[in-house]
$ cat coords-v1.cif   # mmCIF, C-alpha atoms, pLDDT in the B column; chains and numbers go by the auth columns
data_input
loop_
_atom_site.group_PDB
_atom_site.id
_atom_site.type_symbol
_atom_site.label_atom_id
_atom_site.label_comp_id
_atom_site.label_asym_id
_atom_site.label_seq_id
_atom_site.Cartn_x
_atom_site.Cartn_y
_atom_site.Cartn_z
_atom_site.B_iso_or_equiv
_atom_site.auth_seq_id
_atom_site.auth_asym_id
ATOM 1 C CA TRP A 1 2.787 -173.226 -83.808 47.00 76 H
ATOM 2 C CA ALA A 2 1.973 -175.542 -86.718 48.00 77 H
ATOM 3 C CA SER A 3 -0.685 -173.181 -88.072 50.00 78 H
ATOM 4 C CA TRP A 4 1.621 -170.178 -87.763 49.00 79 H
ATOM 5 C CA LYS A 5 4.481 -171.980 -89.513 50.00 80 H
ATOM 6 C CA THR A 6 2.113 -172.803 -92.356 55.00 81 H
ATOM 7 C CA TYR A 7 1.166 -169.180 -93.002 49.00 82 H
ATOM 8 C CA VAL A 8 4.098 -167.103 -91.713 55.00 83 H
ATOM 9 C CA GLY A 9 5.691 -166.884 -95.157 54.00 84 H
ATOM 10 C CA ARG A 10 2.629 -165.255 -96.687 61.00 85 H
ATOM 11 C CA PRO A 11 2.432 -161.455 -97.122 59.00 86 H
ATOM 12 C CA GLU A 12 1.171 -159.415 -94.188 65.00 87 H
ATOM 13 C CA PRO A 13 -2.218 -158.579 -95.784 65.00 88 H
ATOM 14 C CA ASP A 14 -3.055 -162.291 -96.063 71.00 89 H
ATOM 15 C CA ALA A 15 -6.141 -163.015 -93.925 73.00 90 H
ATOM 16 C CA PHE A 16 -5.078 -166.583 -93.076 72.00 91 H
ATOM 17 C CA ARG A 17 -1.718 -165.313 -91.817 78.00 92 H
ATOM 18 C CA THR A 18 -3.490 -162.857 -89.497 78.00 93 H
ATOM 19 C CA MET A 19 -5.864 -165.524 -88.179 81.00 94 H
ATOM 20 C CA ALA A 20 -2.937 -167.878 -87.554 82.00 95 H
ATOM 21 C CA MET A 21 -1.151 -165.137 -85.592 81.00 96 H
ATOM 22 C CA GLY A 22 -4.186 -164.634 -83.360 82.00 97 H
ATOM 23 C CA ALA A 23 -4.596 -168.389 -82.869 85.00 98 H
ATOM 24 C CA LEU A 24 -0.942 -168.666 -81.828 86.00 99 H
ATOM 25 C CA GLY A 25 -1.338 -165.869 -79.281 86.00 100 H
ATOM 26 C CA ASN A 26 -4.451 -167.434 -77.767 85.00 101 H
ATOM 27 C CA THR A 27 -2.792 -170.847 -77.564 87.00 102 H
ATOM 28 C CA LEU A 28 0.215 -169.394 -75.738 89.00 103 H
ATOM 29 C CA ARG A 29 -2.015 -167.517 -73.265 89.00 104 H
ATOM 30 C CA SER A 30 -2.899 -170.666 -71.389 85.00 105 H
ATOM 31 C CA HIS A 31 0.691 -171.338 -70.270 87.00 106 H
ATOM 32 C CA ASP A 32 2.762 -168.217 -71.036 91.00 107 H
ATOM 33 C CA ALA A 33 0.800 -164.980 -71.115 93.00 108 H
ATOM 34 C CA GLU A 34 3.981 -162.875 -71.248 93.00 109 H
ATOM 35 C CA GLN A 35 4.995 -164.547 -74.477 91.00 110 H
ATOM 36 C CA ALA A 36 1.464 -164.325 -75.851 92.00 111 H
ATOM 37 C CA LEU A 37 1.062 -160.598 -75.195 94.00 112 H
ATOM 38 C CA PRO A 38 3.265 -159.161 -78.014 92.00 113 H
ATOM 39 C CA ILE A 39 1.759 -161.633 -80.485 90.00 114 H
ATOM 40 C CA LEU A 40 -1.785 -160.579 -79.601 93.00 115 H
ATOM 41 C CA GLU A 41 -0.781 -156.916 -79.770 92.00 116 H
ATOM 42 C CA ALA A 42 0.698 -157.491 -83.234 89.00 117 H
ATOM 43 C CA SER A 43 -2.425 -159.362 -84.335 89.00 118 H
ATOM 44 C CA LEU A 44 -4.635 -156.450 -83.254 91.00 119 H
ATOM 45 C CA SER A 45 -2.349 -153.931 -84.966 90.00 120 H
ATOM 46 C CA VAL A 46 -2.468 -155.818 -88.266 89.00 121 H
ATOM 47 C CA ARG A 47 -6.254 -156.057 -88.140 89.00 122 H
ATOM 48 C CA GLN A 48 -6.627 -152.361 -87.377 89.00 123 H
ATOM 49 C CA ARG A 49 -4.259 -151.361 -90.189 88.00 124 H
ATOM 50 C CA LEU A 50 -5.173 -153.800 -92.930 87.00 125 H
ATOM 51 C CA PHE A 51 -8.615 -155.204 -92.128 84.00 126 H
ATOM 52 C CA GLN A 52 -10.505 -152.139 -90.941 83.00 127 H
ATOM 53 C CA ARG A 53 -13.777 -153.324 -92.445 86.00 128 H
ATOM 54 C CA ASN A 54 -13.665 -156.570 -90.477 88.00 129 H
ATOM 55 C CA THR A 55 -15.150 -155.074 -87.336 91.00 130 H
ATOM 56 C CA GLN A 56 -15.929 -158.441 -85.790 90.00 131 H
ATOM 57 C CA GLY A 57 -12.321 -159.565 -86.178 90.00 132 H
ATOM 58 C CA ILE A 58 -11.016 -156.372 -84.563 93.00 133 H
ATOM 59 C CA LEU A 59 -13.414 -156.727 -81.629 94.00 134 H
ATOM 60 C CA ILE A 60 -12.373 -160.342 -81.082 91.00 135 H
ATOM 61 C CA ALA A 61 -8.708 -159.314 -81.169 93.00 136 H
ATOM 62 C CA LEU A 62 -9.402 -156.560 -78.613 94.00 137 H
ATOM 63 C CA SER A 63 -11.174 -159.035 -76.305 93.00 138 H
ATOM 64 C CA ASN A 64 -8.319 -161.524 -76.600 92.00 139 H
ATOM 65 C CA LEU A 65 -5.760 -158.845 -75.761 95.00 140 H
ATOM 66 C CA ALA A 66 -7.863 -157.685 -72.808 95.00 141 H
ATOM 67 C CA GLY A 67 -7.985 -161.268 -71.537 94.00 142 H
ATOM 68 C CA CYS A 68 -4.210 -161.546 -71.793 95.00 143 H
ATOM 69 C CA PHE A 69 -3.748 -158.340 -69.789 96.00 144 H
ATOM 70 C CA GLY A 70 -6.056 -159.855 -67.196 95.00 145 H
ATOM 71 C CA ASP A 71 -4.010 -163.068 -67.131 94.00 146 H
ATOM 72 C CA LEU A 72 -0.983 -160.918 -66.292 95.00 147 H
ATOM 73 C CA GLY A 73 -2.802 -159.043 -63.526 95.00 148 H
ATOM 74 C CA ARG A 74 -2.884 -155.826 -65.548 96.00 149 H
ATOM 75 C CA HIS A 75 -6.556 -155.280 -64.853 97.00 150 H
ATOM 76 C CA GLU A 76 -6.715 -151.527 -65.498 97.00 151 H
ATOM 77 C CA GLU A 77 -5.467 -152.073 -69.046 96.00 152 H
ATOM 78 C CA SER A 78 -7.835 -154.985 -69.457 97.00 153 H
ATOM 79 C CA LEU A 79 -10.749 -152.833 -68.250 97.00 154 H
ATOM 80 C CA GLY A 80 -9.941 -150.062 -70.725 96.00 155 H
ATOM 81 C CA LEU A 81 -9.935 -152.453 -73.684 96.00 156 H
ATOM 82 C CA LEU A 82 -13.133 -154.155 -72.566 96.00 157 H
ATOM 83 C CA ARG A 83 -14.876 -150.798 -72.230 96.00 158 H
ATOM 84 C CA GLN A 84 -13.908 -150.064 -75.834 94.00 159 H
ATOM 85 C CA THR A 85 -15.091 -153.454 -77.026 95.00 160 H
ATOM 86 C CA HIS A 86 -18.420 -153.334 -75.204 96.00 161 H
ATOM 87 C CA ALA A 87 -19.153 -149.762 -76.307 96.00 162 H
ATOM 88 C CA ARG A 88 -18.312 -150.578 -79.923 94.00 163 H
ATOM 89 C CA ARG A 89 -20.390 -153.764 -79.945 95.00 164 H
ATOM 90 C CA THR A 90 -23.325 -151.921 -78.393 96.00 165 H
ATOM 91 C CA GLU A 91 -23.063 -149.220 -81.042 95.00 166 H
ATOM 92 C CA ILE A 92 -22.883 -151.675 -83.954 93.00 167 H
ATOM 93 C CA PHE A 93 -24.870 -154.726 -82.861 94.00 168 H
ATOM 94 C CA GLY A 94 -27.015 -153.446 -79.986 95.00 169 H
ATOM 95 C CA SER A 95 -27.012 -154.145 -76.250 94.00 170 H
ATOM 96 C CA SER A 96 -28.946 -157.422 -76.610 93.00 171 H
ATOM 97 C CA ASP A 97 -26.550 -159.027 -79.092 93.00 172 H
ATOM 98 C CA PRO A 98 -25.070 -162.252 -77.619 92.00 173 H
ATOM 99 C CA GLY A 99 -21.522 -161.019 -78.284 91.00 174 H
ATOM 100 C CA THR A 100 -22.264 -157.738 -76.520 94.00 175 H
ATOM 101 C CA LEU A 101 -23.606 -159.597 -73.476 94.00 176 H
ATOM 102 C CA ILE A 102 -20.514 -161.800 -73.319 93.00 177 H
ATOM 103 C CA ASP A 103 -18.384 -158.664 -73.327 93.00 178 H
ATOM 104 C CA ALA A 104 -20.655 -157.247 -70.602 95.00 179 H
ATOM 105 C CA HIS A 105 -19.976 -160.009 -68.110 91.00 180 H
ATOM 106 C CA MET A 106 -16.258 -159.987 -68.963 93.00 181 H
ATOM 107 C CA LEU A 107 -16.236 -156.237 -68.272 96.00 182 H
ATOM 108 C CA ALA A 108 -18.115 -156.674 -64.998 96.00 183 H
ATOM 109 C CA LYS A 109 -15.717 -159.395 -63.868 95.00 184 H
ATOM 110 C CA VAL A 110 -12.782 -157.005 -64.224 97.00 185 H
ATOM 111 C CA MET A 111 -14.702 -154.229 -62.426 97.00 186 H
ATOM 112 C CA LEU A 112 -15.090 -156.594 -59.474 96.00 187 H
ATOM 113 C CA LYS A 113 -11.404 -157.534 -59.506 96.00 188 H
ATOM 114 C CA LEU A 114 -10.588 -153.826 -59.275 97.00 189 H
ATOM 115 C CA GLY A 115 -13.077 -153.320 -56.431 96.00 190 H
ATOM 116 C CA ARG A 116 -15.408 -151.052 -58.408 97.00 191 H
ATOM 117 C CA TYR A 117 -18.502 -152.455 -56.754 97.00 192 H
ATOM 118 C CA ALA A 118 -20.847 -149.483 -57.098 96.00 193 H
ATOM 119 C CA GLU A 119 -20.193 -149.226 -60.834 97.00 194 H
ATOM 120 C CA ALA A 120 -20.474 -152.996 -61.235 97.00 195 H
ATOM 121 C CA LYS A 121 -23.830 -153.146 -59.425 96.00 196 H
ATOM 122 C CA THR A 122 -25.355 -150.433 -61.591 96.00 197 H
ATOM 123 C CA PHE A 123 -23.968 -151.951 -64.783 97.00 198 H
ATOM 124 C CA LEU A 124 -24.911 -155.543 -63.942 97.00 199 H
ATOM 125 C CA THR A 125 -28.433 -154.653 -62.844 96.00 200 H
ATOM 126 C CA GLU A 126 -29.007 -153.098 -66.261 96.00 201 H
ATOM 127 C CA GLN A 127 -27.318 -155.956 -68.122 96.00 202 H
ATOM 128 C CA ALA A 128 -29.272 -158.616 -66.200 96.00 203 H
ATOM 129 C CA GLY A 129 -32.525 -157.162 -67.525 95.00 204 H
ATOM 130 C CA VAL A 130 -31.162 -156.977 -71.075 96.00 205 H
ATOM 131 C CA ALA A 131 -29.919 -160.571 -70.957 95.00 206 H
ATOM 132 C CA ARG A 132 -33.159 -161.915 -69.494 95.00 207 H
ATOM 133 C CA ASN A 133 -35.246 -160.220 -72.184 95.00 208 H
ATOM 134 C CA ALA A 134 -32.919 -161.124 -75.065 94.00 209 H
ATOM 135 C CA LEU A 135 -31.761 -164.629 -74.129 94.00 210 H
ATOM 136 C CA GLY A 136 -34.220 -165.845 -71.495 95.00 211 H
ATOM 137 C CA PRO A 137 -33.662 -166.452 -67.759 95.00 212 H
ATOM 138 C CA ASP A 138 -32.040 -169.878 -68.245 95.00 213 H
ATOM 139 C CA HIS A 139 -29.390 -168.910 -70.800 94.00 214 H
ATOM 140 C CA SER A 140 -25.810 -169.417 -69.619 91.00 215 H
ATOM 141 C CA ASP A 141 -24.887 -165.764 -70.244 93.00 216 H
ATOM 142 C CA THR A 142 -27.912 -164.558 -68.246 95.00 217 H
ATOM 143 C CA LEU A 143 -26.903 -166.855 -65.394 94.00 218 H
ATOM 144 C CA GLU A 144 -23.313 -165.597 -65.561 93.00 219 H
ATOM 145 C CA ILE A 145 -24.393 -161.956 -65.349 95.00 220 H
ATOM 146 C CA ASN A 146 -26.715 -162.710 -62.414 95.00 221 H
ATOM 147 C CA HIS A 147 -23.908 -164.553 -60.641 95.00 222 H
ATOM 148 C CA TYR A 148 -21.620 -161.535 -60.920 96.00 223 H
ATOM 149 C CA LEU A 149 -24.433 -159.256 -59.757 97.00 224 H
ATOM 150 C CA SER A 150 -24.853 -161.327 -56.599 96.00 225 H
ATOM 151 C CA ILE A 151 -21.077 -161.110 -56.013 96.00 226 H
ATOM 152 C CA ALA A 152 -21.127 -157.323 -56.461 97.00 227 H
ATOM 153 C CA LEU A 153 -23.927 -157.019 -53.896 96.00 228 H
ATOM 154 C CA ALA A 154 -22.405 -159.368 -51.328 96.00 229 H
ATOM 155 C CA ASP A 155 -18.747 -158.329 -51.512 95.00 230 H
ATOM 156 C CA ASP A 156 -19.139 -154.550 -51.628 96.00 231 H
ATOM 157 C CA PRO A 157 -17.568 -153.189 -48.406 94.00 232 H
ATOM 158 C CA ALA A 158 -20.516 -150.768 -48.204 93.00 233 H
ATOM 159 C CA ARG A 159 -23.064 -153.617 -48.328 93.00 234 H
ATOM 160 C CA THR A 160 -26.179 -153.560 -46.191 93.00 235 H
ATOM 161 C CA LEU A 161 -28.185 -156.469 -44.880 92.00 236 H
ATOM 162 C CA TYR A 162 -30.674 -155.701 -47.624 93.00 237 H
ATOM 163 C CA ASP A 163 -27.881 -156.102 -50.207 95.00 238 H
ATOM 164 C CA LEU A 164 -26.851 -159.422 -48.708 94.00 239 H
ATOM 165 C CA ARG A 165 -30.388 -160.775 -48.754 94.00 240 H
ATOM 166 C CA LYS A 166 -30.833 -159.612 -52.324 95.00 241 H
ATOM 167 C CA ALA A 167 -27.543 -161.317 -53.248 95.00 242 H
ATOM 168 C CA ARG A 168 -28.755 -164.523 -51.577 95.00 243 H
ATOM 169 C CA ASN A 169 -32.056 -164.450 -53.477 95.00 244 H
ATOM 170 C CA ILE A 170 -30.326 -163.921 -56.815 96.00 245 H
ATOM 171 C CA ALA A 171 -27.753 -166.612 -56.039 95.00 246 H
ATOM 172 C CA GLN A 172 -30.440 -169.125 -55.016 95.00 247 H
ATOM 173 C CA ASP A 173 -32.348 -168.562 -58.244 95.00 248 H
ATOM 174 C CA THR A 174 -29.158 -168.752 -60.324 95.00 249 H
ATOM 175 C CA HIS A 175 -28.079 -171.949 -58.598 94.00 250 H
ATOM 176 C CA LYS A 176 -31.473 -173.574 -59.135 94.00 251 H
ATOM 177 C CA ARG A 177 -31.409 -172.728 -62.839 95.00 252 H
ATOM 178 C CA HIS A 178 -27.801 -173.854 -63.224 92.00 253 H
ATOM 179 C CA ARG A 179 -28.590 -177.237 -61.723 93.00 254 H
ATOM 180 C CA ARG A 180 -31.721 -177.725 -63.805 93.00 255 H
ATOM 181 C CA VAL A 181 -30.297 -176.564 -67.139 91.00 256 H
ATOM 182 C CA LEU A 182 -26.607 -177.473 -66.925 88.00 257 H
ATOM 183 C CA GLY A 183 -26.538 -180.149 -64.224 91.00 258 H
ATOM 184 C CA PRO A 184 -25.279 -180.208 -60.626 90.00 259 H
ATOM 185 C CA ASP A 185 -21.712 -181.056 -61.639 90.00 260 H
ATOM 186 C CA TYR A 186 -21.333 -178.167 -64.089 89.00 261 H
ATOM 187 C CA PRO A 187 -18.580 -175.797 -62.847 89.00 262 H
ATOM 188 C CA GLY A 188 -21.009 -172.874 -62.749 87.00 263 H
ATOM 189 C CA SER A 189 -23.399 -174.891 -60.562 90.00 264 H
ATOM 190 C CA ARG A 190 -20.600 -175.654 -58.120 92.00 265 H
ATOM 191 C CA ASP A 191 -19.511 -172.008 -58.100 92.00 266 H
ATOM 192 C CA CYS A 192 -23.054 -170.943 -57.223 91.00 267 H
ATOM 193 C CA GLU A 193 -23.230 -173.509 -54.448 92.00 268 H
ATOM 194 C CA ARG A 194 -19.982 -172.272 -52.904 93.00 269 H
ATOM 195 C CA PHE A 195 -21.106 -168.679 -53.239 93.00 270 H
ATOM 196 C CA LEU A 196 -24.382 -169.399 -51.422 93.00 271 H
ATOM 197 C CA SER A 197 -22.355 -170.628 -48.444 93.00 272 H
ATOM 198 C CA HIS A 198 -20.256 -167.476 -48.656 93.00 273 H
ATOM 199 C CA VAL A 199 -23.356 -165.224 -48.621 94.00 274 H
ATOM 200 C CA ALA A 200 -24.907 -167.167 -45.740 93.00 275 H
ATOM 201 C CA GLN A 201 -21.768 -166.589 -43.681 92.00 276 H
ATOM 202 C CA ARG A 202 -21.754 -162.884 -44.535 92.00 277 H
ATOM 203 C CA ILE A 203 -25.394 -162.574 -43.440 92.00 278 H
ATOM 204 C CA ALA A 204 -24.659 -164.385 -40.177 91.00 279 H
ATOM 205 C CA ASN A 205 -21.662 -162.146 -39.501 88.00 280 H
ATOM 206 C CA PHE A 206 -23.687 -159.026 -40.273 83.00 281 H
ATOM 207 C CA GLN A 207 -26.532 -160.003 -37.964 75.00 282 H
ATOM 208 C CA ASP A 208 -24.147 -160.909 -35.140 70.00 283 H
ATOM 209 C CA ALA A 209 -22.153 -157.686 -35.385 65.00 284 H
ATOM 210 C CA PRO A 210 -23.101 -154.792 -33.063 62.00 285 H
ATOM 211 C CA GLN A 211 -24.680 -151.921 -34.990 57.00 286 H
ATOM 212 C CA GLY A 212 -23.435 -148.409 -34.364 50.00 287 H
ATOM 213 C CA PRO A 213 -25.240 -145.199 -35.304 46.00 288 H
ATOM 214 C CA ASP A 214 -23.268 -144.893 -38.543 46.00 289 H
ATOM 215 C CA ASP A 215 -23.507 -148.528 -39.603 47.00 290 H
ATOM 216 C CA PRO A 216 -25.408 -149.340 -42.829 45.00 291 H
ATOM 217 C CA LEU A 217 -28.675 -150.631 -41.384 41.00 292 H
ATOM 218 C CA THR A 218 -31.098 -152.837 -43.255 41.00 293 H
ATOM 219 C CA PHE A 219 -33.660 -150.073 -43.578 39.00 294 H
ATOM 220 C CA SER A 220 -31.242 -147.704 -45.300 42.00 295 H
ATOM 221 C CA ARG A 221 -33.516 -148.481 -48.265 44.00 296 H
ATOM 222 C CA PRO A 222 -37.343 -148.383 -48.067 44.00 297 H
ATOM 223 C CA ASP A 223 -37.792 -151.903 -49.392 47.00 298 H
ATOM 224 C CA GLY A 224 -35.229 -153.139 -46.878 45.00 299 H
ATOM 225 C CA LEU A 225 -37.372 -151.733 -44.075 43.00 300 H
ATOM 226 C CA ALA A 226 -40.383 -153.670 -45.317 45.00 301 H
ATOM 227 C CA ALA A 227 -38.339 -156.842 -45.580 44.00 302 H
ATOM 228 C CA THR A 228 -37.201 -156.427 -41.963 42.00 303 H
ATOM 229 C CA LEU A 229 -40.320 -155.242 -40.172 42.00 304 H
ATOM 230 C CA GLY A 230 -43.192 -156.402 -42.359 44.00 305 H
ATOM 231 C CA ASP A 231 -46.060 -154.166 -43.473 44.00 306 H
ATOM 232 C CA ASP A 232 -47.537 -153.742 -39.967 49.00 307 H
ATOM 233 C CA GLY A 233 -44.128 -153.078 -38.498 47.00 308 H
ATOM 234 C CA VAL A 234 -43.435 -150.420 -41.110 40.00 309 H
ATOM 235 C CA LEU A 235 -46.706 -148.690 -40.238 41.00 310 H
ATOM 236 C CA ARG A 236 -45.888 -148.699 -36.504 50.00 311 H
ATOM 237 C CA PHE A 237 -42.351 -147.495 -37.205 41.00 312 H
ATOM 238 C CA LEU A 238 -43.563 -144.585 -39.328 42.00 313 H
ATOM 239 C CA THR A 239 -46.286 -143.689 -36.809 46.00 314 H
ATOM 240 C CA ASN A 240 -43.846 -143.637 -33.903 49.00 315 H
ATOM 241 C CA PHE A 241 -41.318 -141.711 -35.987 42.00 316 H
ATOM 242 C CA SER A 242 -43.863 -139.015 -36.871 41.00 317 H
ATOM 243 C CA LEU A 243 -45.046 -138.755 -33.274 42.00 318 H
ATOM 244 C CA GLY A 244 -41.495 -138.480 -32.029 41.00 319 H
#
$ encode --input "coords-v1.cif" --output "structure tokens"
Amino acid sequence: WASWKTYVGRPEPDAFRTMAMGALGNTLRSHDAEQALPILEASLSVRQRLFQRNTQGILIALSNLAGCFGDLGRHEESLGLLRQTHARRTEIFGSSDPGTLIDAHMLAKVMLKLGRYAEAKTFLTEQAGVARNALGPDHSDTLEINHYLSIALADDPARTLYDLRKARNIAQDTHKRHRRVLGPDYPGSRDCERFLSHVAQRIANFQDAPQGPDDPLTFSRPDGLAATLGDDGVLRFLTNFSLG
């Protein structure tokens, strides 16, 4: 409030007034998102009307507003804004820009909250490669994207045993890197550790469950078949199948 009170008397086109408005909205978000929402909407409107050349400022304001919608459980609206932000950043700065990759994992997080697992898996698989090449495998944003990819694979209702094993492998690698780079007590390291337990339980439940003819079997993908039967087993399977 102190910053806003300092600049509120200035004319609307004043840049410091606009920044103070955005800062006020973000401060309020942490304890009263309903009150923050109209302030963040006004901040975005001012930037779009009066500071059109400040693309970075507009994109930040869009991201902040999307986050506020998410805080209020309005995830569809949040997703729409994040799609805009990510597309615009990609167009201007490229897919490997750090800001674009931050928007990417924010977008994926909302996809998962809305249960859009198939879209999230495709998007995150692509973004994981971009992040690894641009930032390196140990960068916090790369680790974040990989973590969400493992969630998308493991929590999709249409998951296969192959998906679960892939999720476990990604999660194990992410956890190892988190611990080495950021320490075992870093929140992300603890999240990975809890998620590994979650995946292990899902794998156990999947293996214990009776499989019907329409169930998603491990070898619904060719590489899943190899993982299950081994190279010799695959050869015998294909030989028997052709003879049958």
$ atom_distance --input "coords-v1.cif" --atom1 "CA of Ala117 in chain H" --atom2 "CA of Leu154 in chain H"
19.4 Å
$ residues_around --input "coords-v1.cif" --residues "Arg124 in chain H" --least-positions-apart "4" --cutoff "12 Å" --atoms "all atoms listed in the file" --output "list in words"
Glu87, Pro88, Thr93, Ala117, Ser118, Leu119, Ser120, Arg128, Asn129, Thr130 and Ile133 of chain H
$ resolve_selection --input "coords-v1.cif" --expression "the PyMOL selection byres ((chain H and resi 278) around 10)" --output "list of chain:residue names"
H:Ala229, H:Thr235, H:Leu236, H:Tyr237, H:Asp238, H:Leu239, H:Arg240, H:Arg243, H:Ser272, H:His273, H:Val274, H:Ala275, H:Gln276, H:Arg277, H:Ala279, H:Asn280, H:Phe281, H:Gln282, H:Asp283, H:Ala284
$ atom_distance --input "coords-v1.cif" --atom1 "CA of Asn208 in chain H" --atom2 "CA of Ile177 in chain H"
14.9 Å
$ closest_residue --input "coords-v1.cif" --among "H:Arg122, H:Arg191, H:Arg234, H:His180" --to "Ala206 in chain H" --atoms "all atoms listed in the file"
H:His180
$ residues_around --input "coords-v1.cif" --residues "range 256-270 of chain H" --least-positions-apart "6" --cutoff "10 Å" --atoms "all atoms listed in the file" --output "list in words"
Asp213, His214, Ser215, Leu218, Glu219, His222, Ser225, Ile226, Ala229, Ala242, Arg243, Ala246, Gln247, Asp248, Thr249, His250 and Gln276 of chain H
